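Listing of data.cif, mmCIF, C-alpha atoms
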```cif
data_data
#
loop_
_atom_site.label_atom_id
_atom_site.label_comp_id
_atom_site.auth_asym_id
_atom_site.auth_seq_id
_atom_site.Cartn_x
_atom_site.Cartn_y
_atom_site.Cartn_z
CA MET A 1 -21.78 46.59 -40.67
CA LYS A 2 -18.21 47.88 -40.30
CA ILE A 3 -17.38 49.86 -37.19
CA PRO A 4 -15.41 53.04 -38.00
CA PHE A 5 -11.87 53.13 -36.65
CA GLU A 6 -12.52 56.25 -34.50
CA PHE A 7 -15.37 54.47 -32.79
CA ARG A 8 -13.22 51.37 -32.26
CA ASP A 9 -10.69 53.56 -30.44
CA LYS A 10 -13.44 54.97 -28.24
CA LEU A 11 -14.67 51.47 -27.56
CA SER A 12 -11.14 50.48 -26.61
CA LEU A 13 -10.88 53.43 -24.19
CA ALA A 14 -14.27 52.59 -22.67
CA ASN A 15 -13.11 49.00 -22.32
CA ASP A 16 -9.91 50.11 -20.56
CA LEU A 17 -11.91 52.31 -18.18
CA MET A 18 -14.32 49.50 -17.42
CA GLN A 19 -11.42 47.13 -16.81
CA PHE A 20 -9.88 49.67 -14.43
CA ALA A 21 -13.14 49.89 -12.49
CA ALA A 22 -13.45 46.11 -12.53
CA HIS A 23 -9.94 45.67 -11.16
CA ILE A 24 -10.72 48.02 -8.28
CA ALA A 25 -13.91 46.05 -7.60
CA ALA A 26 -11.87 42.83 -7.71
CA GLY A 27 -9.42 44.23 -5.18
CA PHE A 28 -12.34 45.21 -2.96
CA GLY A 29 -13.79 41.71 -3.31
CA ALA A 30 -10.48 40.12 -2.43
CA LEU A 31 -10.33 42.36 0.63
CA MET A 32 -13.84 41.26 1.59
CA ALA A 33 -12.82 37.63 1.23
CA PHE A 34 -9.75 38.34 3.33
CA LEU A 35 -12.03 39.96 5.88
CA GLY A 36 -14.01 36.76 5.80
CA LEU A 37 -10.96 34.79 6.82
CA SER A 38 -9.90 37.35 9.39
CA SER A 39 -13.34 37.74 10.86
CA ASN A 40 -13.52 34.00 11.29
CA LEU A 41 -10.16 33.91 12.98
CA VAL A 42 -10.95 36.75 15.36
CA ASN A 43 -14.52 35.70 16.06
CA ASN A 44 -13.87 35.27 19.76
CA SER A 45 -11.97 38.52 20.14
CA ARG A 46 -13.36 41.93 20.98
CA SER A 47 -12.24 43.42 17.68
CA SER A 48 -15.01 45.60 16.33
CA ILE A 49 -13.38 46.36 12.96
CA LEU A 50 -12.97 42.86 11.55
CA ASN A 51 -15.59 41.08 13.61
CA VAL A 52 -18.60 41.22 11.29
CA ASP A 53 -21.54 39.33 12.80
CA VAL A 54 -23.02 37.26 9.99
CA ASN A 55 -24.83 34.79 12.24
CA SER A 56 -27.70 37.22 12.60
CA LEU A 57 -28.16 37.51 8.83
CA SER A 58 -30.79 35.47 7.01
CA LEU A 59 -29.83 32.81 4.43
CA PRO A 60 -30.77 34.98 1.39
CA MET A 61 -28.68 37.85 2.77
CA ARG A 62 -25.71 35.59 3.27
CA MET A 63 -26.18 34.10 -0.21
CA THR A 64 -26.24 37.63 -1.66
CA LEU A 65 -23.04 38.49 0.19
CA LEU A 66 -21.48 35.27 -1.07
CA MET A 67 -22.42 36.05 -4.66
CA LEU A 68 -20.90 39.53 -4.38
CA ILE A 69 -17.68 38.12 -3.01
CA ALA A 70 -17.62 35.29 -5.58
CA ALA A 71 -18.22 37.74 -8.44
CA ALA A 72 -15.37 39.95 -7.27
CA LEU A 73 -13.07 36.98 -6.75
CA GLY A 74 -13.95 35.53 -10.17
CA TRP A 75 -13.45 38.85 -11.91
CA GLY A 76 -10.19 39.48 -10.08
CA MET A 77 -8.91 36.00 -10.85
CA GLY A 78 -9.92 36.34 -14.51
CA ALA A 79 -8.12 39.69 -14.80
CA LEU A 80 -4.96 38.51 -13.06
CA VAL A 81 -4.78 35.16 -14.86
CA ALA A 82 -5.42 36.83 -18.24
CA TRP A 83 -2.67 39.38 -17.56
CA LEU A 84 -0.13 36.90 -16.19
CA SER A 85 -0.73 34.33 -18.93
CA ARG A 86 -0.12 36.95 -21.62
CA SER A 87 3.50 37.30 -20.56
CA ARG A 88 6.19 35.00 -21.97
CA ASN A 89 7.85 34.96 -18.56
CA GLU A 90 7.63 31.46 -17.04
CA ALA A 91 7.55 32.87 -13.50
CA LYS A 92 4.45 34.88 -14.30
CA GLY A 93 2.77 31.77 -15.68
CA PHE A 94 3.61 29.96 -12.45
CA ALA A 95 2.26 32.91 -10.46
CA ALA A 96 -1.09 32.42 -12.21
CA TYR A 97 -1.31 28.90 -10.74
CA VAL A 98 -0.36 30.09 -7.25
CA ILE A 99 -2.94 32.86 -7.44
CA ALA A 100 -5.60 30.39 -8.57
CA ILE A 101 -4.96 28.15 -5.55
CA MET A 102 -4.88 31.15 -3.20
CA TRP A 103 -8.15 32.37 -4.65
CA GLY A 104 -9.59 28.93 -3.90
CA GLY A 105 -8.54 29.45 -0.28
CA LEU A 106 -10.18 32.87 -0.22
CA MET A 107 -13.38 31.41 -1.68
CA VAL A 108 -13.59 28.71 0.98
CA GLY A 109 -12.60 31.28 3.63
CA ALA A 110 -15.54 33.43 2.58
CA ALA A 111 -17.87 30.39 2.62
CA ASP A 112 -16.65 29.45 6.10
CA TRP A 113 -17.17 33.00 7.31
CA LEU A 114 -20.75 33.10 6.04
CA ALA A 115 -21.76 29.65 7.32
CA VAL A 116 -23.50 29.57 10.68
CA ASP A 117 -22.45 27.36 13.59
CA PRO A 118 -22.41 23.71 12.29
CA ARG A 119 -24.76 22.64 15.12
CA ARG A 120 -27.41 25.06 13.86
CA GLN A 121 -27.10 24.04 10.21
CA ILE A 122 -29.84 22.17 8.41
CA LEU A 123 -27.83 22.00 5.19
CA SER A 124 -24.06 21.69 5.04
CA GLU A 125 -23.63 25.42 4.55
CA ILE A 126 -19.87 25.37 4.00
CA MET A 127 -20.36 22.95 1.09
CA LEU A 128 -23.34 24.84 -0.28
CA TYR A 129 -21.54 28.19 -0.21
CA THR A 130 -18.30 26.76 -1.56
CA ILE A 131 -20.00 25.05 -4.51
CA ALA A 132 -22.25 28.00 -5.34
CA GLY A 133 -19.40 30.48 -4.89
CA THR A 134 -16.91 28.45 -6.91
CA GLY A 135 -19.43 27.96 -9.72
CA PHE A 136 -20.27 31.64 -9.84
CA ALA A 137 -16.61 32.71 -9.64
CA LEU A 138 -15.75 30.36 -12.52
CA TRP A 139 -18.64 31.74 -14.56
CA VAL A 140 -17.50 35.34 -13.99
CA ALA A 141 -13.84 34.48 -14.64
CA GLY A 142 -15.02 32.94 -17.93
CA ILE A 143 -16.59 36.26 -18.97
CA HIS A 144 -13.26 37.97 -18.41
CA LEU A 145 -11.16 35.30 -20.14
CA ARG A 146 -13.57 35.26 -23.09
CA GLY A 147 -12.60 38.86 -23.82
CA ALA A 148 -8.89 37.94 -24.00
CA ARG A 149 -9.11 34.80 -26.07
CA SER A 150 -6.81 35.89 -28.92
CA ASP A 151 -3.63 35.70 -26.85
CA GLY A 152 -2.21 32.49 -28.29
CA PRO A 153 -2.03 28.81 -27.34
CA ARG A 154 0.36 29.26 -24.38
CA ALA A 155 -1.97 31.77 -22.71
CA LEU A 156 -4.93 29.45 -23.25
CA ARG A 157 -3.06 26.51 -21.69
CA ILE A 158 -2.14 28.56 -18.59
CA ARG A 159 -5.75 29.76 -18.25
CA CYS A 160 -7.17 26.23 -18.46
CA ASP A 161 -4.61 25.05 -15.88
CA ALA A 162 -5.41 27.99 -13.61
CA LEU A 163 -9.15 27.21 -13.69
CA LEU A 164 -8.35 23.60 -12.80
CA PHE A 165 -6.09 24.73 -9.95
CA PHE A 166 -8.77 27.09 -8.66
CA THR A 167 -11.40 24.35 -8.60
CA GLY A 168 -8.91 21.90 -7.08
CA GLY A 169 -7.90 24.49 -4.48
CA CYS A 170 -11.56 25.09 -3.56
CA GLY A 171 -12.15 21.34 -3.21
CA LEU A 172 -9.03 20.80 -1.13
CA PHE A 173 -9.63 23.74 1.21
CA MET A 174 -13.29 22.74 1.58
CA VAL A 175 -12.32 19.21 2.64
CA LEU A 176 -9.75 20.59 5.09
CA THR A 177 -12.29 23.06 6.52
CA LEU A 178 -14.92 20.33 6.89
CA LEU A 179 -12.39 18.05 8.59
CA GLY A 180 -11.43 20.90 10.89
CA ALA A 181 -15.08 21.63 11.71
CA SER A 182 -15.77 17.99 12.55
CA GLN A 183 -12.99 17.89 15.17
CA MET B 1 -24.64 31.37 -25.20
CA LYS B 2 -21.55 31.87 -27.37
CA ILE B 3 -19.80 28.58 -27.98
CA GLY B 4 -16.39 30.10 -28.73
CA GLY B 5 -13.78 27.89 -30.32
CA PRO B 6 -12.60 24.29 -30.18
CA LEU B 7 -10.30 23.32 -27.31
CA GLY B 8 -7.25 21.18 -27.91
CA GLU B 9 -7.14 17.73 -26.32
CA GLN B 10 -5.10 18.84 -23.29
CA ASN B 11 -7.01 22.03 -22.60
CA ALA B 12 -10.33 20.23 -22.92
CA ALA B 13 -9.10 17.52 -20.54
CA ARG B 14 -8.11 20.16 -17.95
CA LEU B 15 -11.41 22.01 -18.11
CA LEU B 16 -13.39 18.76 -18.05
CA SER B 17 -11.40 17.68 -14.98
CA ALA B 18 -12.27 20.98 -13.28
CA ALA B 19 -15.93 20.49 -14.20
CA ALA B 20 -15.82 16.91 -12.89
CA LEU B 21 -14.34 18.14 -9.58
CA LEU B 22 -17.18 20.59 -9.20
CA ASP B 23 -19.69 17.83 -9.98
CA LEU B 24 -18.08 15.57 -7.36
CA MET B 25 -18.41 18.37 -4.80
CA PHE B 26 -22.04 18.89 -5.80
CA VAL B 27 -22.84 15.20 -5.35
CA GLY B 28 -21.03 15.35 -2.00
CA PHE B 29 -23.33 18.16 -0.94
CA LEU B 30 -26.42 16.16 -2.00
CA GLN B 31 -25.13 13.19 -0.05
CA SER B 32 -24.50 15.19 3.13
CA THR B 33 -28.01 16.68 2.84
CA ILE B 34 -29.83 13.37 2.28
CA GLN B 35 -27.82 11.24 4.70
CA PRO B 36 -29.29 12.47 8.05
CA THR B 37 -32.87 11.99 6.79
CA LEU B 38 -32.06 8.55 5.41
CA LYS B 39 -30.39 7.57 8.67
CA LEU B 40 -33.50 8.63 10.58
CA GLU B 41 -35.87 6.83 8.21
CA LEU B 42 -33.85 3.62 8.39
CA GLY B 43 -33.57 3.90 12.17
CA LEU B 44 -29.80 3.55 12.14
CA ARG B 45 -27.69 4.79 15.06
CA GLN B 46 -24.14 3.98 14.01
CA THR B 47 -23.44 3.77 10.28
CA GLY B 48 -19.64 3.94 9.99
CA LEU B 49 -18.45 4.61 6.47
CA ALA B 50 -20.70 2.10 4.70
CA LEU B 51 -23.84 4.23 4.40
CA PRO B 52 -22.11 7.48 3.27
CA ALA B 53 -19.97 5.59 0.74
CA ALA B 54 -22.90 3.59 -0.69
CA LEU B 55 -25.10 6.69 -0.82
CA TYR B 56 -22.38 8.71 -2.54
CA LEU B 57 -21.80 6.04 -5.19
CA MET B 58 -25.52 5.67 -5.82
CA LEU B 59 -26.03 9.42 -6.15
CA MET B 60 -22.99 9.68 -8.42
CA LEU B 61 -24.43 6.98 -10.69
CA CYS B 62 -27.84 8.69 -10.81
CA TYR B 63 -26.26 12.09 -11.47
CA TRP B 64 -24.09 10.67 -14.20
CA LEU B 65 -27.01 8.88 -15.89
CA LEU B 66 -29.07 12.07 -15.70
CA CYS B 67 -26.34 14.23 -17.22
CA GLU B 68 -25.07 11.90 -19.92
CA GLY B 69 -28.38 10.26 -20.77
CA LEU B 70 -31.11 12.85 -20.36
CA LEU B 71 -29.33 16.21 -20.41
CA GLY B 72 -27.18 15.47 -23.46
CA GLY B 73 -23.80 15.82 -21.76
CA HIS B 74 -24.65 18.92 -19.70
CA SER B 75 -23.86 19.00 -15.99
CA PHE B 76 -23.45 21.65 -13.30
CA GLY B 77 -19.67 21.73 -13.71
CA ARG B 78 -19.77 21.86 -17.50
CA PHE B 79 -22.47 24.55 -17.32
CA VAL B 80 -20.37 26.94 -15.22
CA MET B 81 -17.33 26.21 -17.40
CA ARG B 82 -19.56 26.81 -20.47
CA LEU B 83 -18.27 23.61 -22.09
CA GLN B 84 -20.21 22.52 -25.15
CA MET B 85 -20.02 19.12 -26.79
CA ARG B 86 -19.73 19.39 -30.59
CA ASP B 87 -18.68 17.27 -33.53
CA LYS B 88 -15.52 18.00 -35.51
CA GLN B 89 -17.36 20.42 -37.81
CA GLY B 90 -18.65 22.38 -34.81
CA ARG B 91 -22.24 21.15 -35.12
CA PRO B 92 -24.28 19.88 -32.14
CA VAL B 93 -23.65 16.19 -31.52
CA SER B 94 -26.39 13.91 -32.82
CA ALA B 95 -28.34 11.70 -30.41
CA VAL B 96 -26.82 8.56 -31.98
CA ARG B 97 -23.28 9.80 -31.44
CA ARG B 98 -24.10 10.91 -27.88
CA SER B 99 -25.52 7.46 -27.12
CA THR B 100 -22.42 5.77 -28.58
CA ARG B 101 -20.22 7.98 -26.40
CA ALA B 102 -22.32 7.26 -23.28
CA LEU B 103 -22.15 3.50 -23.98
CA LYS B 104 -18.37 3.57 -24.38
CA LYS B 105 -18.12 5.59 -21.18
CA VAL B 106 -20.13 2.95 -19.31
CA LEU B 107 -17.95 0.15 -20.68
CA SER B 108 -14.75 1.90 -19.57
CA LEU B 109 -16.35 3.06 -16.27
CA GLY B 110 -15.36 6.56 -17.30
CA LEU B 111 -11.79 5.88 -16.19
CA THR B 112 -10.09 7.23 -19.33
CA GLY B 113 -11.77 10.56 -18.63
CA LEU B 114 -9.72 11.02 -15.45
CA ASN B 115 -6.50 11.82 -17.31
CA PRO B 116 -6.05 15.62 -17.33
CA ASN B 117 -3.42 15.40 -20.10
CA ALA B 118 -5.34 13.70 -22.90
CA ALA B 119 -8.84 13.38 -24.27
CA ALA B 120 -10.96 10.49 -23.01
CA ARG B 121 -11.04 7.48 -25.33
CA TYR B 122 -14.82 7.60 -25.55
CA ASP B 123 -14.63 11.23 -26.72
CA LYS B 124 -12.08 10.28 -29.39
CA ALA B 125 -14.07 7.26 -30.51
CA ALA B 126 -17.28 9.26 -30.80
CA GLY B 127 -15.52 12.13 -32.61
CA VAL B 128 -16.51 14.63 -29.92
CA VAL B 129 -14.76 17.99 -29.65
CA TRP B 130 -15.27 20.33 -26.67
CA TYR B 131 -15.89 24.03 -27.29
CA SER B 132 -15.34 26.87 -24.85
CA PRO B 133 -15.82 30.65 -25.11
CA ILE B 134 -12.30 31.18 -23.72
CA ALA B 135 -10.81 29.41 -26.76
CA PRO B 136 -10.31 31.46 -29.94
CA GLY B 137 -12.86 30.82 -32.67
CA ARG B 138 -11.84 29.28 -35.95
CA ALA B 139 -9.47 31.83 -37.52
CA LYS B 140 -10.25 33.48 -40.83
CA PRO B 141 -8.12 32.36 -43.78
CA ILE B 142 -4.91 34.43 -43.98
CA GLY B 143 -6.06 35.94 -47.27
CA LEU B 144 -8.89 37.74 -45.43
CA TRP B 145 -6.65 39.30 -42.76
CA ARG B 146 -6.09 43.05 -42.92
CA LEU B 147 -3.24 45.33 -41.99
CA ALA B 148 -4.83 48.58 -40.82
CA VAL B 149 -3.57 51.99 -39.72
CA MET B 150 -5.02 52.75 -36.28
CA THR B 151 -3.71 56.28 -35.57
CA GLY B 152 -2.17 59.29 -37.29
CA PRO B 153 -3.11 61.11 -40.51
CA ASP B 154 -3.43 57.84 -42.45
CA LYS B 155 -5.82 56.35 -39.90
CA GLY B 156 -8.44 54.14 -41.50
CA LYS B 157 -6.23 52.95 -44.39
CA PHE B 158 -5.88 49.21 -44.73
CA VAL B 159 -4.68 46.51 -47.06
CA GLU B 160 -6.23 43.05 -47.32
CA PHE B 161 -3.62 40.29 -47.31
CA GLY B 162 -5.29 38.44 -50.19
CA LYS B 163 -4.99 41.54 -52.42
CA VAL B 164 -1.25 42.11 -51.86
CA PRO B 165 0.48 41.20 -55.15
CA GLY B 166 2.88 38.28 -54.81
CA LEU B 167 2.20 37.67 -51.10
CA LYS B 168 1.96 33.91 -51.58
CA SER B 169 5.48 33.65 -52.97
CA SER B 170 7.27 36.48 -51.13
CA GLN B 171 5.22 36.27 -47.88
CA GLN B 172 5.98 39.98 -47.39
CA ILE B 173 3.91 43.14 -47.08
CA LYS B 174 5.88 46.37 -47.59
CA ILE B 175 5.00 49.48 -45.58
CA GLY B 176 6.22 53.02 -46.35
CA ARG B 177 5.53 56.33 -48.07
CA GLU B 178 6.86 55.36 -51.49
CA GLN B 179 4.09 54.70 -54.00
CA GLY B 180 4.91 51.72 -56.22
CA TRP B 181 7.11 50.07 -53.56
CA ALA B 182 4.83 49.94 -50.55
CA ASP B 183 1.78 47.69 -50.38
CA LEU B 184 0.41 49.89 -47.59
CA VAL B 185 1.23 53.46 -48.52
CA LEU B 186 1.49 55.89 -45.58
CA GLY B 187 1.31 58.97 -47.84
CA ARG B 188 0.29 61.44 -45.15
CA SER B 189 2.55 60.22 -42.32
CA GLU B 190 5.51 62.57 -42.77
CA LYS B 191 7.71 60.82 -40.21
CA ALA B 192 7.50 57.47 -42.03
CA SER B 193 10.35 56.65 -44.43
CA GLY B 194 9.75 55.89 -48.10
CA ARG B 195 10.64 52.22 -47.58
CA HIS B 196 10.01 51.96 -43.86
CA CYS B 197 9.51 48.33 -42.88
CA VAL B 198 8.41 44.89 -44.08
CA LEU B 199 5.90 42.56 -42.49
CA ARG B 200 6.48 38.83 -43.10
CA VAL B 201 3.57 36.41 -42.92
CA GLU B 202 4.60 32.82 -42.14
CA ARG B 203 2.54 29.97 -43.55
CA ASN B 204 1.32 29.06 -40.05
CA GLY B 205 0.06 32.63 -39.50
CA ASP B 206 2.98 33.88 -37.36
CA LEU B 207 4.01 37.45 -38.10
CA MET B 208 7.51 38.99 -38.20
CA ILE B 209 8.51 42.61 -38.74
CA ARG B 210 11.78 44.13 -40.03
CA ASP B 211 12.78 47.77 -40.04
CA THR B 212 14.40 48.39 -43.44
CA GLY B 213 14.67 52.08 -44.32
CA THR B 214 15.21 53.39 -47.83
CA ASP B 215 18.93 52.56 -47.87
CA GLY B 216 18.52 49.28 -46.01
CA LYS B 217 20.17 50.71 -42.85
CA GLY B 218 16.95 51.28 -40.99
CA SER B 219 14.27 53.97 -41.11
CA SER B 220 14.84 57.47 -39.72
CA ASN B 221 12.15 57.36 -37.06
CA GLY B 222 12.14 53.65 -36.39
CA THR B 223 9.65 50.82 -35.94
CA SER B 224 8.51 49.72 -32.48
CA VAL B 225 6.97 46.54 -31.14
CA GLY B 226 5.49 46.76 -27.64
CA HIS B 227 6.90 50.31 -27.22
CA LYS B 228 10.46 49.05 -27.87
CA ARG B 229 12.27 50.25 -30.97
CA ILE B 230 13.52 47.28 -32.96
CA LYS B 231 17.03 47.03 -34.41
CA PRO B 232 17.25 47.73 -38.17
CA GLY B 233 17.57 44.72 -40.44
CA GLN B 234 16.42 42.15 -37.84
CA TRP B 235 13.26 40.09 -38.04
CA VAL B 236 11.28 40.50 -34.80
CA PRO B 237 8.19 38.40 -33.97
CA LEU B 238 4.91 40.24 -33.50
CA GLY B 239 2.80 39.19 -30.52
CA PRO B 240 -0.64 37.63 -30.93
CA GLU B 241 -2.18 41.12 -30.85
CA GLY B 242 -0.36 41.95 -34.11
CA ARG B 243 0.33 45.57 -33.12
CA PHE B 244 3.35 47.67 -34.03
CA ASP B 245 4.32 51.33 -34.50
CA VAL B 246 5.73 52.89 -37.66
CA ALA B 247 7.33 56.25 -36.73
CA GLY B 248 4.67 56.83 -34.08
CA THR B 249 1.76 55.60 -36.21
CA ALA B 250 0.06 52.49 -34.79
CA LEU B 251 -0.69 49.62 -37.17
CA LYS B 252 -2.54 46.42 -36.40
CA VAL B 253 -3.18 43.12 -38.12
CA LEU B 254 -6.92 42.40 -37.92
CA ARG B 255 -7.41 38.62 -38.09
#
```

Once you've parsed the file, please lay out its structure as structure tokens.
Amino acid sequence: MKIPFEFRDKLSLANDLMQFAAHIAAGFGALMAFLGLSSNLVNNSRSSILNVDVNSLSLPMRMTLLMLIAAALGWGMGALVAWLSRSRNEAKGFAAYVIAIMWGGLMVGAADWLAVDPRRQILSEIMLYTIAGTGFALWVAGIHLRGARSDGPRALRIRCDALLFFTGGCGLFMVLTLLGASQ
Amino acid sequence: MKIGGPLGEQNAARLLSAAALLDLMFVGFLQSTIQPTLKLELGLRQTGLALPAALYLMLMLCYWLLCEGLLGGHSFGRFVMRLQMRDKQGRPVSAVRRSTRALKKVLSLGLTGLNPNAAARYDKAAGVVWYSPIAPGRAKPIGLWRLAVMTGPDKGKFVEFGKVPGLKSSQQIKIGREQGWADLVLGRSEKASGRHCVLRVERNGDLMIRDTGTDGKGSSNGTSVGHKRIKPGQWVPLGPEGRFDVAGTALKVLR
């Protein structure tokens, strides 16, 4: 069945609106992940704004929080990488790689924030959260990139590289965090 | 799950490397979970690096055998990347071909799969192609593409490339108000010139546009690509979206 042109335009507008909402959600998610890093850094301070106590939360609650953050990070990364890779500007392509690595840091930061004290852990929670979060973020980023797949071979190459950099960044930051925790 | 389109060698190698990294992390998590219990069961106090390394290698081998042998090439990493193993025609890979690939992978210890710049030798030998939803699907033949009017009074009009007379030899589609000259006639768009612009279709599918005008010095109200008015008489490449404006009327190539 052919879709009438008027309806296609409406679909396009609805898509733009949804993307706008998704970008705001992504920004919020990135902020939450940043809060994760900050909260971890200021855990011993008396700050009541950034110091969110996650140690009292149950594992399912923390997993839910992680999934929300991972979804927002994945969506945000997908949107940014899709937009940056569309440009013919080399600098923007490079920025996509930098963002992917930074997003990896935010993902591990969020995992570290949600993990309880290593002495109280039965499972290696940092690893569990990083792997689950990275997997989910990649899945969500894939949904976004799937919608922008007709942007040419250069865009596709940058996107594949960015996904590799994100996974590599997550792995690297996870190893560094685990090494830091074992000190 | 949508399988999308085939990935080139390099792109597939990058995504497979990312999936492999995730799998390595997953096996690392399994190892760190099992190790304390194993240490307790074996009654070991100091293990050094021997036990973790041996356990990791053993788990990696089991995981690999499970994924390649029993799950038909699926793994956690490939699942989240939505990577699908297919043959060159895009059909699911037969059990015989999968077994051949797994055997070749064993013989090479999977080492050729570590190169993120080229396809693994066992994939090439088995004729395996990786599909991903982020890759564009197989494109329609150029003859089935359409040039459609998206806005303005002529909205809804279109011309199918295969039905444009002489397209194969001239590679050009003419756009304007003049009946008999234009292949896509914008009869109701008053701002469009009689002979407004020409779209060129390269043999590889690339598209170029040139603003001509009736006297060859450019149209009165211009042609724009990406909201920038193009200079008359110059061929300008169209982006992958295939969108351009003819005197304020949006046109798009639907592939």

Which residue of B:Ala192, B:Val96, B:Ala148, B:Leu71 approaches chain A most closely, using only C-alpha atoms: B:Ala148

Can you tell me, as lines of an AutoDock Vina configuration file, the centre and edge lengths (Å, one decimal) of the axis-aligned box enclosing all of region 15-30 of chain A's listed atoms after padding each side by 5 Å?
```
center_x = -11.9
center_y = 46.2
center_z = -12.4
size_x = 14.9
size_y = 22.2
size_z = 29.9
```

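In this comparison, which uses only C-alpha atoms, the residue of B:Ala120, B:Leu49, B:Leu44, B:Val128 approaching Gln89 (chain B) most closely is B:Val128.
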
Using all atoms listed in the file, select each residue of chain B with any atom at most 10 Å away from an atom of chain A, and give the selection as a VMD selection string. chain B and resid 2 4 to 5 7 to 8 10 to 26 28 to 34 36 76 to 82 116 132 to 137 139 148 to 151 155 to 157 239 to 241 255

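With distances restricted to only C-alpha atoms, B:Gln35 is the closest residue to Leu51 (chain B) from B:Gly187, B:Gln35, B:Leu66, B:Asn117.
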
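From CA of Ala72 (chain A) back to CA of Ala22 (chain A), the distance works out to 8.3 Å.
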
For the structure shown, which residues end up in the PyMOL selection byres ((chain A and resi 101) around 6)? Put them as a VMD selection string, please? chain A and resid 98 to 100 102 to 104 165 to 166 169

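Evaluated against this file, the PyMOL selection byres ((chain A and resi 63) around 10) yields Leu57, Ser58, Leu59, Pro60, Met61, Arg62, Thr64, Leu65, Leu66, Met67, Leu68, Ile69, Ala111, Leu114, Ala115, Leu128, Tyr129, Ala132 and Gly133 of chain A.
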
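When the PyMOL selection byres ((chain B and resi 198-202) around 9) is run on the displayed coordinates, the residues it returns are Ile142, Leu167, Ser170, Gln171, Gln172, Ile173, Lys174, Ile175, Gly176, Ala182, Arg195, His196, Cys197, Arg203, Asn204, Gly205, Asp206, Leu207, Met208, Ile209, Arg210, Asp211, Thr212 and Trp235 of chain B.
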
Considering all atoms listed in the file, state which residue in the set B:Ala95, B:Leu144, B:Val246, B:Val185 is at the smallest distance from Leu70 (chain B). B:Ala95

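Taking CA of Arg98 (chain B) and CA of Ser75 (chain B) as endpoints, the distance between them is 14.4 Å.
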
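Across the model, the gap from CA of Arg97 (chain B) to CA of Arg121 (chain B) is 13.9 Å.
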
Distance query 12 Å from (-19.8, 13.4, -29.7) using all atoms listed in the file, result as a ChimeraX atom specification: /B:68,72-73,84-105,120-131
